[in-house]
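Asks: Sharing a structure below in structure tokens format, with a few things to ask.
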Amino acid sequence: MTEQRDEAVDESCVLTEGPWTHRFVGANGSRFHVVEAGTGPMVLFLHGFPEHWWAWHRMLPAVADAGFRAVAMDLRGYGASDKPPRGYDGYTLAADVAGLIRALGERSATLVGTGAGGMIAWTAASFHPNLVRRLVVLGAPHPLRLRAAIFADPRGQFAASTPALRFQLPRYEHLLTRDNGRAVEEMLRRWGGHRWVTGPDFADYARRYREAMRIPQAAFCALEGYRWAFRSVLRLHGYRFVKLMQRPITAPTLQLHGARDVASLPRTAQGSGRYVSAPYEWRLLDEVGHFPHLEAPELVLGEILRWAKS
């Protein structure tokens with residue numbers, strides 16, 4: 001049944017209708033799919049791996065109702081956004097966010113990122129401080145904390161990062177899409193908190209994420225960011241990236257982290273505040289894994305609104 005396993009899907013599978021508007025916006029040399037609702041100061045949401053914009057579908061109307069312009073993007077290589085073969089380094093991904101804020105006609109935005117999107121949010125706030133008004137990071141240590149912990153904590157963060165290390169293997173993306181994306185659901189189960197993965201919402205998220213990862217080139221692109229992160233350690237532009245990331249972040253920052261996150265360990269994420277010179281808050285969420293926005297959406301929504309309004 002190889003034909004069934006290798007069957008791809010069209011990117012229209014992520015264009016779900018709802019109380020929002022789908023748009024395609026050119027920024028930083030690529031075309032990005034964005035979903036928006038409401039008017040007011042902009043809150044820009046960045047999803048993680050293995051997600052797409054749907055990760056925020058509950059947040060968008062609620063944040064819009066609170067008086068904000070809520071925008072969720074498909075990151076480069078995901079969903080219905082462009083999937084170029086290159087551009088998955090930290091510099092370009094941060095520039096994508098900065099370019100999108102400008103392309104949407106805004107001078108700045110509150111940036112909310114989770115997982116891999118949280119790492120991009122940290123980087124965008126560091127590299128483009130004038131465009132990030134406030135920062136909310138979920139399930140993502142500061143990139144320099146993560147990098148240090150992988151080497152300094154072999155039984156902890158290094159072991160937790162084993163799946164991402166496997167992403168370095170050539171053609172590993174074919175394992176992600178095999179059996180209609182079964183590996184995507186397995187990762188969600190491994191990284192998510194018990195209450196969520198055994199709850200009523202899990203099956204729908206797993207189905208949507210499995211489907212979106214089977215869009216042509218999406219799996220390859222999703223892995224390229226992880227591949228750059230590891231390979232750059234031994235390269236000059238990786239050294240430059242580390243030096244630039246040492247600049248203090250000037251946006252007031254709220255960091256939310258699941259106490260049961262087995263992908264990015266809480267002890268790795270703690271201490272990220274050392275890279276923030278502005279007001280900073282850390283909150284550990286009980287019984288929550290790597291996906292706080294899905295596992296505790298009401299709590300996370302309240303915290304995002306509190307931070308965006310303050």
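Identifiers in this document derive from the order of the structure tokens: chains are assigned A, B, ..., residues are numbered from 1 separately in each chain, and ligands are numbered from 1 in order of occurrence.
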For A:His237, find every residue with an atom within 12 Å (counting only C-alpha atoms), except residues of its own chain fewer than 5 positions away, and show them as a list in words.
Replies: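 That gives Asp89, Gly90, Tyr91, Trp228, Ala229, Arg231, Ser232, Val242, Lys243 and Leu244 of chain A.
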Asks: Mind listing the alpha helix (DSSP H) residues of stretch 15-243 of chain A, per DSSP on the backbone, as a PyMOL selection string?
Replies: chain A and resi 59-65+90-103+116-127+143-152+159-160+162-166+173-191+194-197+202-213+218-231+236-243
Asks: Dump as a Markdown table the rows for residues of stretch 10-119 of chain A within 12 Å of stretch 171-193 of chain A: closest atom pair and distance in Å with one decimal, only C-alpha atoms counted, ordered by chain and rising residue number.
Replies:
| residue | atom | partner | partner_atom | distance |
| --- | --- | --- | --- | --- |
| A:Gly48 | CA | A:Leu188 | CA | 11.4 |
| A:Phe49 | CA | A:Val184 | CA | 9.3 |
| A:Pro50 | CA | A:Val184 | CA | 6.7 |
| A:Glu51 | CA | A:Val184 | CA | 9.3 |
| A:Gly115 | CA | A:Trp191 | CA | 10.8 |
Asks: Give me, please, the distance in Å between atom CA of A:Glu295 and atom CA of A:Leu265, quoted to one decimal.
Replies: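 Computed distance, atom CA of A:Glu295 to atom CA of A:Leu265, equals 16.6 Å.
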Asks: Can you list, as a list of chain:residue names, every protein, DNA or RNA residue that comes within 6 Å of stretch 267-283 of chain A when you count only C-alpha atoms, leaving out same-chain residues fewer than 6 positions away?
Replies: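 In the requested form, the answer reads A:Pro141, A:His142, A:Pro248, A:Ile249, A:Thr250, A:Ala251, A:Pro252, A:Thr253, A:Leu254, A:Gln255, A:Leu256.
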Asks: Which neighbours of A:Ala37 fall inside 7 Å, counting only C-alpha atoms, when residues of the same chain fewer than 4 positions from it are skipped, and could you give them as a compact mmCIF listing (two decimals) with C-alpha atoms, in the first residue's frame?
Replies:
# COMPACT_ATOMS: atom_id res chain seq x y z
CA TRP A 20 -11.43 35.20 10.41
CA THR A 21 -10.02 36.25 7.03
CA LEU A 60 -7.88 34.56 17.16
CA PRO A 61 -11.57 35.45 17.75
CA ALA A 64 -10.01 40.10 18.40
CA ARG A 69 -5.86 42.77 15.50
CA ALA A 70 -5.14 39.06 15.91
CA VAL A 71 -2.97 37.55 13.16
Asks: Applying 7 Å and only C-alpha atoms, which residues near stretch 304-309 of chain A remain after dropping the ones on its own chain fewer than 3 positions away? List them as a list in words.
Replies: Thr110, Arg134, Val136, Val300 and Leu301 of chain A
Asks: By how many Å are atom CA of A:Tyr226 and atom CA of A:Leu131 apart?
Replies: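 Pair atom CA of A:Tyr226 / atom CA of A:Leu131 returns 25.0 Å.
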